[in-house]
Amino acid sequence: MPATDTCVRNAQLADASAISRITEGYAGEGIMLKRPVENIIEHIRDFFVADYNGRVIGCCAIAFYTVKLAEIRSLAVLDEFRSKGIGRLLVEKAEAVLTEEGVKEVFVLTLNPGFFSKMGYKQIEKEYFPQKIWRDCTNCPKLMACDEIAMVKTL
């Protein structure tokens with residue numbers, strides 16, 4: 001299944017359960033935090049989904065920190081569709097929307113720096129993003145032993 005057959009679109013309320021199922025698999029592996037479906041519904045306008053023949057096979061979300069800084073988060077693709085360019089399509093869509101909004105810098109926290117490096121992201125210290133630490137990291141069970149790598153890209 002080539003990525004060219006996949007449509008990346010804004011998420012709709014009807015996609016919330018699929019997003020929850022996809023991200024739950026990653027949360028179970030300790031790759032991302034679990035997001036209850038109620039949280040996804042609350043933030044549905046922040047999500048994009050990869051749609052393949054009417055089936056949601058991947059997702060990602062954006063979070064704004066300042067008018068010039070945003071994060072791409074919750075990037076997840078169903079196992080059977082990994083390594084087929086779906087993650088790249090999702091990140092490209094998020095970056096395009098952020099660029100339209102005037103964001104100049106986007107960051108990610110990842111356990112897969114190779115993927116983001118290929119997309120032009122550079123490794124940076126997490127402390128560069130105190131807004132992220134104040135808003136999200138203080139509630140993370142990995143706070144004192146964070147294994148995620150911060151990466152940034154200028155848009």
# chains A, B, ... in the order shown; residues from 1 in each chain; ligands from 1
>>> residues_around(residues="region 44-59 of chain A", least_positions_apart="6", cutoff="8 Å", atoms="only C-alpha atoms", output="VMD selection string")
chain A and resid 5 to 13 15 to 16 18 to 19 22 74 to 78 81 86 to 87 89 to 90 93 to 94
>>> residues_around(residues="Pro36 (chain A)", least_positions_apart="6", cutoff="10 Å", atoms="only C-alpha atoms", output="list in words")
Ala16, Ser17, Ile19, Ser20, Arg21, Thr23 and Glu24 of chain A
>>> select_by_dssp(residues="region 36-127 of chain A", states="strand (DSSP E)", output="PDB file with all heavy atoms, in the first residue's frame")
ATOM      1  N   PHE A  47      -6.049  17.450  15.707  1.00  0.00           N
ATOM      2  CA  PHE A  47      -5.608  16.187  15.100  1.00  0.00           C
ATOM      3  C   PHE A  47      -5.775  16.156  13.589  1.00  0.00           C
ATOM      4  O   PHE A  47      -6.694  16.747  13.030  1.00  0.00           O
ATOM      5  CB  PHE A  47      -6.404  15.016  15.690  1.00  0.00           C
ATOM      6  CG  PHE A  47      -5.879  14.513  16.997  1.00  0.00           C
ATOM      7  CD1 PHE A  47      -6.358  15.041  18.178  1.00  0.00           C
ATOM      8  CD2 PHE A  47      -4.924  13.506  17.048  1.00  0.00           C
ATOM      9  CE1 PHE A  47      -5.885  14.589  19.396  1.00  0.00           C
ATOM     10  CE2 PHE A  47      -4.450  13.053  18.260  1.00  0.00           C
ATOM     11  CZ  PHE A  47      -4.928  13.591  19.440  1.00  0.00           C
ATOM     12  N   PHE A  48      -4.878  15.399  12.982  1.00  0.00           N
ATOM     13  CA  PHE A  48      -4.985  15.015  11.575  1.00  0.00           C
ATOM     14  C   PHE A  48      -4.996  13.497  11.547  1.00  0.00           C
ATOM     15  O   PHE A  48      -4.405  12.849  12.413  1.00  0.00           O
ATOM     16  CB  PHE A  48      -3.777  15.517  10.769  1.00  0.00           C
ATOM     17  CG  PHE A  48      -3.581  16.999  10.882  1.00  0.00           C
ATOM     18  CD1 PHE A  48      -2.627  17.508  11.742  1.00  0.00           C
ATOM     19  CD2 PHE A  48      -4.356  17.875  10.157  1.00  0.00           C
ATOM     20  CE1 PHE A  48      -2.446  18.874  11.880  1.00  0.00           C
ATOM     21  CE2 PHE A  48      -4.192  19.240  10.289  1.00  0.00           C
ATOM     22  CZ  PHE A  48      -3.223  19.743  11.144  1.00  0.00           C
ATOM     23  N   VAL A  49      -5.653  12.940  10.546  1.00  0.00           N
ATOM     24  CA  VAL A  49      -5.660  11.486  10.402  1.00  0.00           C
ATOM     25  C   VAL A  49      -5.244  11.106   8.993  1.00  0.00           C
ATOM     26  O   VAL A  49      -5.474  11.850   8.032  1.00  0.00           O
ATOM     27  CB  VAL A  49      -7.037  10.863  10.728  1.00  0.00           C
ATOM     28  CG1 VAL A  49      -7.387  11.052  12.194  1.00  0.00           C
ATOM     29  CG2 VAL A  49      -8.134  11.403   9.831  1.00  0.00           C
ATOM     30  N   ALA A  50      -4.631   9.942   8.900  1.00  0.00           N
ATOM     31  CA  ALA A  50      -4.330   9.331   7.609  1.00  0.00           C
ATOM     32  C   ALA A  50      -5.470   8.364   7.329  1.00  0.00           C
ATOM     33  O   ALA A  50      -5.741   7.460   8.115  1.00  0.00           O
ATOM     34  CB  ALA A  50      -2.997   8.599   7.665  1.00  0.00           C
ATOM     35  N   ASP A  51      -6.137   8.574   6.216  1.00  0.00           N
ATOM     36  CA  ASP A  51      -7.323   7.804   5.846  1.00  0.00           C
ATOM     37  C   ASP A  51      -6.990   6.971   4.609  1.00  0.00           C
ATOM     38  O   ASP A  51      -6.628   7.505   3.568  1.00  0.00           O
ATOM     39  CB  ASP A  51      -8.462   8.787   5.547  1.00  0.00           C
ATOM     40  CG  ASP A  51      -9.770   8.119   5.223  1.00  0.00           C
ATOM     41  OD1 ASP A  51      -9.789   7.186   4.396  1.00  0.00           O
ATOM     42  OD2 ASP A  51     -10.801   8.549   5.770  1.00  0.00           O
ATOM     43  N   TYR A  52      -7.113   5.668   4.748  1.00  0.00           N
ATOM     44  CA  TYR A  52      -6.864   4.745   3.641  1.00  0.00           C
ATOM     45  C   TYR A  52      -8.147   3.970   3.375  1.00  0.00           C
ATOM     46  O   TYR A  52      -8.571   3.164   4.193  1.00  0.00           O
ATOM     47  CB  TYR A  52      -5.713   3.798   3.980  1.00  0.00           C
ATOM     48  CG  TYR A  52      -5.415   2.780   2.916  1.00  0.00           C
ATOM     49  CD1 TYR A  52      -4.945   3.174   1.670  1.00  0.00           C
ATOM     50  CD2 TYR A  52      -5.598   1.426   3.151  1.00  0.00           C
ATOM     51  CE1 TYR A  52      -4.665   2.248   0.686  1.00  0.00           C
ATOM     52  CE2 TYR A  52      -5.313   0.484   2.180  1.00  0.00           C
ATOM     53  CZ  TYR A  52      -4.852   0.905   0.944  1.00  0.00           C
ATOM     54  OH  TYR A  52      -4.584  -0.026  -0.029  1.00  0.00           O
ATOM     55  N   ARG A  55     -10.597   4.065   6.192  1.00  0.00           N
ATOM     56  CA  ARG A  55     -10.101   3.539   7.474  1.00  0.00           C
ATOM     57  C   ARG A  55      -9.014   4.464   8.006  1.00  0.00           C
ATOM     58  O   ARG A  55      -8.062   4.786   7.292  1.00  0.00           O
ATOM     59  CB  ARG A  55      -9.538   2.141   7.251  1.00  0.00           C
ATOM     60  CG  ARG A  55      -8.973   1.495   8.489  1.00  0.00           C
ATOM     61  CD  ARG A  55      -8.433   0.118   8.152  1.00  0.00           C
ATOM     62  NE  ARG A  55      -7.827  -0.497   9.322  1.00  0.00           N
ATOM     63  CZ  ARG A  55      -6.935  -1.472   9.267  1.00  0.00           C
ATOM     64  NH1 ARG A  55      -6.571  -1.976   8.108  1.00  0.00           N
ATOM     65  NH2 ARG A  55      -6.424  -1.960  10.375  1.00  0.00           N
ATOM     66  N   VAL A  56      -9.131   4.870   9.268  1.00  0.00           N
ATOM     67  CA  VAL A  56      -8.097   5.699   9.892  1.00  0.00           C
ATOM     68  C   VAL A  56      -6.935   4.786  10.265  1.00  0.00           C
ATOM     69  O   VAL A  56      -7.087   3.858  11.054  1.00  0.00           O
ATOM     70  CB  VAL A  56      -8.640   6.446  11.129  1.00  0.00           C
ATOM     71  CG1 VAL A  56      -7.516   7.173  11.848  1.00  0.00           C
ATOM     72  CG2 VAL A  56      -9.724   7.427  10.711  1.00  0.00           C
ATOM     73  N   ILE A  57      -5.760   5.052   9.662  1.00  0.00           N
ATOM     74  CA  ILE A  57      -4.588   4.192   9.874  1.00  0.00           C
ATOM     75  C   ILE A  57      -3.451   4.908  10.594  1.00  0.00           C
ATOM     76  O   ILE A  57      -2.450   4.281  10.932  1.00  0.00           O
ATOM     77  CB  ILE A  57      -4.081   3.600   8.541  1.00  0.00           C
ATOM     78  CG1 ILE A  57      -3.649   4.706   7.581  1.00  0.00           C
ATOM     79  CG2 ILE A  57      -5.161   2.712   7.915  1.00  0.00           C
ATOM     80  CD1 ILE A  57      -2.894   4.219   6.359  1.00  0.00           C
ATOM     81  N   GLY A  58      -3.617   6.206  10.838  1.00  0.00           N
ATOM     82  CA  GLY A  58      -2.575   6.953  11.524  1.00  0.00           C
ATOM     83  C   GLY A  58      -3.098   8.307  11.956  1.00  0.00           C
ATOM     84  O   GLY A  58      -4.162   8.753  11.504  1.00  0.00           O
ATOM     85  N   CYS A  59      -2.348   8.952  12.841  1.00  0.00           N
ATOM     86  CA  CYS A  59      -2.768  10.263  13.336  1.00  0.00           C
ATOM     87  C   CYS A  59      -1.566  11.048  13.834  1.00  0.00           C
ATOM     88  O   CYS A  59      -0.499  10.494  14.078  1.00  0.00           O
ATOM     89  CB  CYS A  59      -3.773  10.109  14.464  1.00  0.00           C
ATOM     90  SG  CYS A  59      -3.103   9.290  15.931  1.00  0.00           S
ATOM     91  N   CYS A  60      -1.779  12.334  13.985  1.00  0.00           N
ATOM     92  CA  CYS A  60      -0.857  13.195  14.717  1.00  0.00           C
ATOM     93  C   CYS A  60      -1.637  14.427  15.130  1.00  0.00           C
ATOM     94  O   CYS A  60      -2.752  14.661  14.648  1.00  0.00           O
ATOM     95  CB  CYS A  60       0.390  13.556  13.919  1.00  0.00           C
ATOM     96  SG  CYS A  60       0.186  14.805  12.657  1.00  0.00           S
ATOM     97  N   ALA A  61      -1.078  15.189  16.032  1.00  0.00           N
ATOM     98  CA  ALA A  61      -1.737  16.401  16.514  1.00  0.00           C
ATOM     99  C   ALA A  61      -0.719  17.531  16.587  1.00  0.00           C
ATOM    100  O   ALA A  61       0.493  17.292  16.571  1.00  0.00           O
ATOM    101  CB  ALA A  61      -2.351  16.154  17.892  1.00  0.00           C
ATOM    102  N   ILE A  62      -1.240  18.732  16.653  1.00  0.00           N
ATOM    103  CA  ILE A  62      -0.393  19.902  16.856  1.00  0.00           C
ATOM    104  C   ILE A  62      -0.813  20.593  18.145  1.00  0.00           C
ATOM    105  O   ILE A  62      -1.965  20.511  18.558  1.00  0.00           O
ATOM    106  CB  ILE A  62      -0.449  20.883  15.661  1.00  0.00           C
ATOM    107  CG1 ILE A  62      -1.892  21.303  15.363  1.00  0.00           C
ATOM    108  CG2 ILE A  62       0.211  20.277  14.441  1.00  0.00           C
ATOM    109  CD1 ILE A  62      -2.023  22.341  14.246  1.00  0.00           C
ATOM    110  N   ALA A  63       0.155  21.239  18.779  1.00  0.00           N
ATOM    111  CA  ALA A  63      -0.116  22.018  19.991  1.00  0.00           C
ATOM    112  C   ALA A  63       0.671  23.319  19.874  1.00  0.00           C
ATOM    113  O   ALA A  63       1.874  23.298  19.585  1.00  0.00           O
ATOM    114  CB  ALA A  63       0.313  21.248  21.235  1.00  0.00           C
ATOM    115  N   PHE A  64      -0.011  24.420  20.079  1.00  0.00           N
ATOM    116  CA  PHE A  64       0.628  25.730  20.006  1.00  0.00           C
ATOM    117  C   PHE A  64       1.135  26.126  21.385  1.00  0.00           C
ATOM    118  O   PHE A  64       0.441  25.941  22.381  1.00  0.00           O
ATOM    119  CB  PHE A  64      -0.367  26.779  19.499  1.00  0.00           C
ATOM    120  CG  PHE A  64      -0.805  26.546  18.079  1.00  0.00           C
ATOM    121  CD1 PHE A  64      -1.968  25.844  17.807  1.00  0.00           C
ATOM    122  CD2 PHE A  64      -0.050  27.013  17.019  1.00  0.00           C
ATOM    123  CE1 PHE A  64      -2.380  25.619  16.500  1.00  0.00           C
ATOM    124  CE2 PHE A  64      -0.436  26.792  15.705  1.00  0.00           C
ATOM    125  CZ  PHE A  64      -1.615  26.089  15.449  1.00  0.00           C
ATOM    126  N   LEU A  69       5.860  29.200  18.018  1.00  0.00           N
ATOM    127  CA  LEU A  69       6.359  27.882  18.421  1.00  0.00           C
ATOM    128  C   LEU A  69       5.203  26.902  18.604  1.00  0.00           C
ATOM    129  O   LEU A  69       4.220  27.214  19.271  1.00  0.00           O
ATOM    130  CB  LEU A  69       7.141  27.993  19.731  1.00  0.00           C
ATOM    131  CG  LEU A  69       7.671  26.681  20.322  1.00  0.00           C
ATOM    132  CD1 LEU A  69       8.760  26.078  19.445  1.00  0.00           C
ATOM    133  CD2 LEU A  69       8.182  26.909  21.739  1.00  0.00           C
ATOM    134  N   ALA A  70       5.359  25.711  17.999  1.00  0.00           N
ATOM    135  CA  ALA A  70       4.349  24.661  18.149  1.00  0.00           C
ATOM    136  C   ALA A  70       5.036  23.306  18.229  1.00  0.00           C
ATOM    137  O   ALA A  70       6.219  23.162  17.918  1.00  0.00           O
ATOM    138  CB  ALA A  70       3.376  24.701  16.981  1.00  0.00           C
ATOM    139  N   GLU A  71       4.253  22.328  18.649  1.00  0.00           N
ATOM    140  CA  GLU A  71       4.737  20.951  18.761  1.00  0.00           C
ATOM    141  C   GLU A  71       3.890  20.046  17.874  1.00  0.00           C
ATOM    142  O   GLU A  71       2.680  20.231  17.765  1.00  0.00           O
ATOM    143  CB  GLU A  71       4.608  20.480  20.216  1.00  0.00           C
ATOM    144  CG  GLU A  71       5.007  19.029  20.423  1.00  0.00           C
ATOM    145  CD  GLU A  71       4.712  18.519  21.826  1.00  0.00           C
ATOM    146  OE1 GLU A  71       3.905  19.136  22.553  1.00  0.00           O
ATOM    147  OE2 GLU A  71       5.291  17.484  22.194  1.00  0.00           O
ATOM    148  N   ILE A  72       4.536  19.066  17.270  1.00  0.00           N
ATOM    149  CA  ILE A  72       3.829  17.959  16.634  1.00  0.00           C
ATOM    150  C   ILE A  72       3.899  16.816  17.623  1.00  0.00           C
ATOM    151  O   ILE A  72       4.981  16.464  18.105  1.00  0.00           O
ATOM    152  CB  ILE A  72       4.452  17.574  15.276  1.00  0.00           C
ATOM    153  CG1 ILE A  72       4.320  18.734  14.287  1.00  0.00           C
ATOM    154  CG2 ILE A  72       3.783  16.307  14.735  1.00  0.00           C
ATOM    155  CD1 ILE A  72       4.987  18.501  12.950  1.00  0.00           C
ATOM    156  N   ARG A  73       2.739  16.245  17.948  1.00  0.00           N
ATOM    157  CA  ARG A  73       2.667  15.226  18.990  1.00  0.00           C
ATOM    158  C   ARG A  73       1.700  14.121  18.565  1.00  0.00           C
ATOM    159  O   ARG A  73       0.997  14.242  17.574  1.00  0.00           O
ATOM    160  CB  ARG A  73       2.213  15.862  20.297  1.00  0.00           C
ATOM    161  CG  ARG A  73       0.898  16.569  20.113  1.00  0.00           C
ATOM    162  CD  ARG A  73       0.274  17.261  21.289  1.00  0.00           C
ATOM    163  NE  ARG A  73       1.078  17.523  22.425  1.00  0.00           N
ATOM    164  CZ  ARG A  73       0.632  18.057  23.540  1.00  0.00           C
ATOM    165  NH1 ARG A  73      -0.645  18.388  23.655  1.00  0.00           N
ATOM    166  NH2 ARG A  73       1.409  18.267  24.554  1.00  0.00           N
ATOM    167  N   SER A  74       1.678  13.076  19.348  1.00  0.00           N
ATOM    168  CA  SER A  74       0.745  11.957  19.141  1.00  0.00           C
ATOM    169  C   SER A  74       0.829  11.357  17.745  1.00  0.00           C
ATOM    170  O   SER A  74      -0.166  10.924  17.183  1.00  0.00           O
ATOM    171  CB  SER A  74      -0.698  12.392  19.438  1.00  0.00           C
ATOM    172  OG  SER A  74      -0.819  12.848  20.756  1.00  0.00           O
ATOM    173  N   LEU A  75       2.038  11.321  17.191  1.00  0.00           N
ATOM    174  CA  LEU A  75       2.230  10.701  15.875  1.00  0.00           C
ATOM    175  C   LEU A  75       2.216   9.190  16.048  1.00  0.00           C
ATOM    176  O   LEU A  75       3.031   8.627  16.782  1.00  0.00           O
ATOM    177  CB  LEU A  75       3.556  11.154  15.256  1.00  0.00           C
ATOM    178  CG  LEU A  75       3.923  10.520  13.916  1.00  0.00           C
ATOM    179  CD1 LEU A  75       2.896  10.868  12.843  1.00  0.00           C
ATOM    180  CD2 LEU A  75       5.316  10.963  13.492  1.00  0.00           C
ATOM    181  N   ALA A  76       1.269   8.542  15.389  1.00  0.00           N
ATOM    182  CA  ALA A  76       1.124   7.096  15.518  1.00  0.00           C
ATOM    183  C   ALA A  76       0.514   6.531  14.242  1.00  0.00           C
ATOM    184  O   ALA A  76      -0.371   7.143  13.642  1.00  0.00           O
ATOM    185  CB  ALA A  76       0.238   6.756  16.710  1.00  0.00           C
ATOM    186  N   VAL A  77       0.994   5.349  13.855  1.00  0.00           N
ATOM    187  CA  VAL A  77       0.503   4.656  12.662  1.00  0.00           C
ATOM    188  C   VAL A  77       0.277   3.197  13.037  1.00  0.00           C
ATOM    189  O   VAL A  77       1.095   2.608  13.761  1.00  0.00           O
ATOM    190  CB  VAL A  77       1.529   4.775  11.500  1.00  0.00           C
ATOM    191  CG1 VAL A  77       1.067   3.999  10.274  1.00  0.00           C
ATOM    192  CG2 VAL A  77       1.771   6.241  11.142  1.00  0.00           C
ATOM    193  N   GLU A 105       8.810  27.839  14.224  1.00  0.00           N
ATOM    194  CA  GLU A 105       9.617  26.750  14.767  1.00  0.00           C
ATOM    195  C   GLU A 105       8.687  25.667  15.297  1.00  0.00           C
ATOM    196  O   GLU A 105       7.724  25.954  15.998  1.00  0.00           O
ATOM    197  CB  GLU A 105      10.485  27.306  15.898  1.00  0.00           C
ATOM    198  CG  GLU A 105      11.710  26.532  16.193  1.00  0.00           C
ATOM    199  CD  GLU A 105      12.640  27.296  17.133  1.00  0.00           C
ATOM    200  OE1 GLU A 105      12.167  27.923  18.105  1.00  0.00           O
ATOM    201  OE2 GLU A 105      13.851  27.246  16.900  1.00  0.00           O
ATOM    202  N   VAL A 106       8.999  24.419  14.958  1.00  0.00           N
ATOM    203  CA  VAL A 106       8.210  23.291  15.430  1.00  0.00           C
ATOM    204  C   VAL A 106       9.144  22.300  16.110  1.00  0.00           C
ATOM    205  O   VAL A 106      10.287  22.125  15.681  1.00  0.00           O
ATOM    206  CB  VAL A 106       7.421  22.631  14.277  1.00  0.00           C
ATOM    207  CG1 VAL A 106       8.334  22.084  13.202  1.00  0.00           C
ATOM    208  CG2 VAL A 106       6.500  21.533  14.796  1.00  0.00           C
ATOM    209  N   PHE A 107       8.656  21.681  17.188  1.00  0.00           N
ATOM    210  CA  PHE A 107       9.484  20.704  17.873  1.00  0.00           C
ATOM    211  C   PHE A 107       8.713  19.415  18.102  1.00  0.00           C
ATOM    212  O   PHE A 107       7.474  19.380  18.004  1.00  0.00           O
ATOM    213  CB  PHE A 107      10.049  21.257  19.188  1.00  0.00           C
ATOM    214  CG  PHE A 107       9.056  21.377  20.310  1.00  0.00           C
ATOM    215  CD1 PHE A 107       8.919  20.366  21.251  1.00  0.00           C
ATOM    216  CD2 PHE A 107       8.271  22.511  20.448  1.00  0.00           C
ATOM    217  CE1 PHE A 107       8.025  20.486  22.304  1.00  0.00           C
ATOM    218  CE2 PHE A 107       7.374  22.640  21.493  1.00  0.00           C
ATOM    219  CZ  PHE A 107       7.249  21.622  22.421  1.00  0.00           C
ATOM    220  N   VAL A 108       9.463  18.375  18.377  1.00  0.00           N
ATOM    221  CA  VAL A 108       8.903  17.070  18.730  1.00  0.00           C
ATOM    222  C   VAL A 108       9.705  16.519  19.895  1.00  0.00           C
ATOM    223  O   VAL A 108      10.865  16.871  20.085  1.00  0.00           O
ATOM    224  CB  VAL A 108       8.959  16.068  17.543  1.00  0.00           C
ATOM    225  CG1 VAL A 108       8.115  16.545  16.377  1.00  0.00           C
ATOM    226  CG2 VAL A 108      10.388  15.804  17.098  1.00  0.00           C
ATOM    227  N   LEU A 109       9.074  15.666  20.669  1.00  0.00           N
ATOM    228  CA  LEU A 109       9.764  14.817  21.634  1.00  0.00           C
ATOM    229  C   LEU A 109       9.559  13.406  21.119  1.00  0.00           C
ATOM    230  O   LEU A 109       8.420  12.982  20.917  1.00  0.00           O
ATOM    231  CB  LEU A 109       9.193  14.979  23.041  1.00  0.00           C
ATOM    232  CG  LEU A 109       9.443  16.319  23.708  1.00  0.00           C
ATOM    233  CD1 LEU A 109       8.814  16.356  25.090  1.00  0.00           C
ATOM    234  CD2 LEU A 109      10.925  16.620  23.808  1.00  0.00           C
ATOM    235  N   THR A 110      10.633  12.686  20.890  1.00  0.00           N
ATOM    236  CA  THR A 110      10.526  11.415  20.184  1.00  0.00           C
ATOM    237  C   THR A 110      11.480  10.362  20.727  1.00  0.00           C
ATOM    238  O   THR A 110      12.508  10.686  21.315  1.00  0.00           O
ATOM    239  CB  THR A 110      10.779  11.623  18.674  1.00  0.00           C
ATOM    240  OG1 THR A 110      10.588  10.393  17.978  1.00  0.00           O
ATOM    241  CG2 THR A 110      12.187  12.145  18.407  1.00  0.00           C
ATOM    242  N   LYS A 122      16.516  18.798  13.958  1.00  0.00           N
ATOM    243  CA  LYS A 122      17.819  18.736  14.621  1.00  0.00           C
ATOM    244  C   LYS A 122      17.612  18.517  16.116  1.00  0.00           C
ATOM    245  O   LYS A 122      16.709  19.102  16.725  1.00  0.00           O
ATOM    246  CB  LYS A 122      18.600  20.042  14.419  1.00  0.00           C
ATOM    247  CG  LYS A 122      18.782  20.447  12.970  1.00  0.00           C
ATOM    248  CD  LYS A 122      19.722  19.531  12.259  1.00  0.00           C
ATOM    249  CE  LYS A 122      19.918  20.000  10.818  1.00  0.00           C
ATOM    250  NZ  LYS A 122      20.222  18.940   9.911  1.00  0.00           N
ATOM    251  N   GLN A 123      18.502  17.721  16.700  1.00  0.00           N
ATOM    252  CA  GLN A 123      18.408  17.455  18.135  1.00  0.00           C
ATOM    253  C   GLN A 123      18.758  18.705  18.931  1.00  0.00           C
ATOM    254  O   GLN A 123      19.642  19.478  18.546  1.00  0.00           O
ATOM    255  CB  GLN A 123      19.337  16.303  18.507  1.00  0.00           C
ATOM    256  CG  GLN A 123      19.112  15.772  19.891  1.00  0.00           C
ATOM    257  CD  GLN A 123      19.831  14.459  20.127  1.00  0.00           C
ATOM    258  OE1 GLN A 123      20.122  13.713  19.211  1.00  0.00           O
ATOM    259  NE2 GLN A 123      20.120  14.179  21.384  1.00  0.00           N
ATOM    260  N   ILE A 124      18.047  18.880  20.037  1.00  0.00           N
ATOM    261  CA  ILE A 124      18.231  20.048  20.901  1.00  0.00           C
ATOM    262  C   ILE A 124      17.914  19.624  22.334  1.00  0.00           C
ATOM    263  O   ILE A 124      17.241  18.626  22.554  1.00  0.00           O
ATOM    264  CB  ILE A 124      17.317  21.210  20.435  1.00  0.00           C
ATOM    265  CG1 ILE A 124      17.712  22.524  21.086  1.00  0.00           C
ATOM    266  CG2 ILE A 124      15.857  20.891  20.643  1.00  0.00           C
ATOM    267  CD1 ILE A 124      17.116  23.740  20.407  1.00  0.00           C
TER     268      ILE A 124
END
>>> select_by_dssp(residues="region 17-136 of chain A", states="helix (DSSP H, G or I)", output="ChimeraX atom specification")
/A:17-28,37-42,44-46,79-81,86-100,113-118,126-128,130-135
>>> atom_distance(atom1="CA of Gly120 (chain A)", atom2="CA of Tyr26 (chain A)")
23.7 Å
>>> atom_distance(atom1="CA of Leu155 (chain A)", atom2="CA of Thr4 (chain A)")
23.7 Å
>>> decode(residues="region 82-104 of chain A", atoms="C-alpha atoms", output="PDB file, in the first residue's frame")
ATOM      1  CA  ARG A  82       4.367   1.461   9.421  1.00  0.00           C
ATOM      2  CA  SER A  83       7.393   2.172   7.206  1.00  0.00           C
ATOM      3  CA  LYS A  84       5.170   3.011   4.252  1.00  0.00           C
ATOM      4  CA  GLY A  85       5.459   6.808   4.355  1.00  0.00           C
ATOM      5  CA  ILE A  86       2.290   7.432   6.373  1.00  0.00           C
ATOM      6  CA  GLY A  87       4.097   9.124   9.276  1.00  0.00           C
ATOM      7  CA  ARG A  88       5.905  11.381   6.816  1.00  0.00           C
ATOM      8  CA  LEU A  89       2.580  12.403   5.230  1.00  0.00           C
ATOM      9  CA  LEU A  90       1.112  13.221   8.634  1.00  0.00           C
ATOM     10  CA  VAL A  91       4.104  15.334   9.677  1.00  0.00           C
ATOM     11  CA  GLU A  92       4.112  17.155   6.323  1.00  0.00           C
ATOM     12  CA  LYS A  93       0.416  18.014   6.744  1.00  0.00           C
ATOM     13  CA  ALA A  94       1.008  19.291  10.286  1.00  0.00           C
ATOM     14  CA  GLU A  95       3.989  21.373   9.132  1.00  0.00           C
ATOM     15  CA  ALA A  96       1.944  22.869   6.269  1.00  0.00           C
ATOM     16  CA  VAL A  97      -0.832  23.933   8.647  1.00  0.00           C
ATOM     17  CA  LEU A  98       1.675  25.362  11.124  1.00  0.00           C
ATOM     18  CA  THR A  99       3.353  27.318   8.322  1.00  0.00           C
ATOM     19  CA  GLU A 100      -0.046  28.727   7.254  1.00  0.00           C
ATOM     20  CA  GLU A 101      -0.576  29.826  10.863  1.00  0.00           C
ATOM     21  CA  GLY A 102       2.738  31.703  10.864  1.00  0.00           C
ATOM     22  CA  VAL A 103       4.589  29.335  13.191  1.00  0.00           C
ATOM     23  CA  LYS A 104       8.336  29.639  12.661  1.00  0.00           C
TER      24      LYS A 104
END
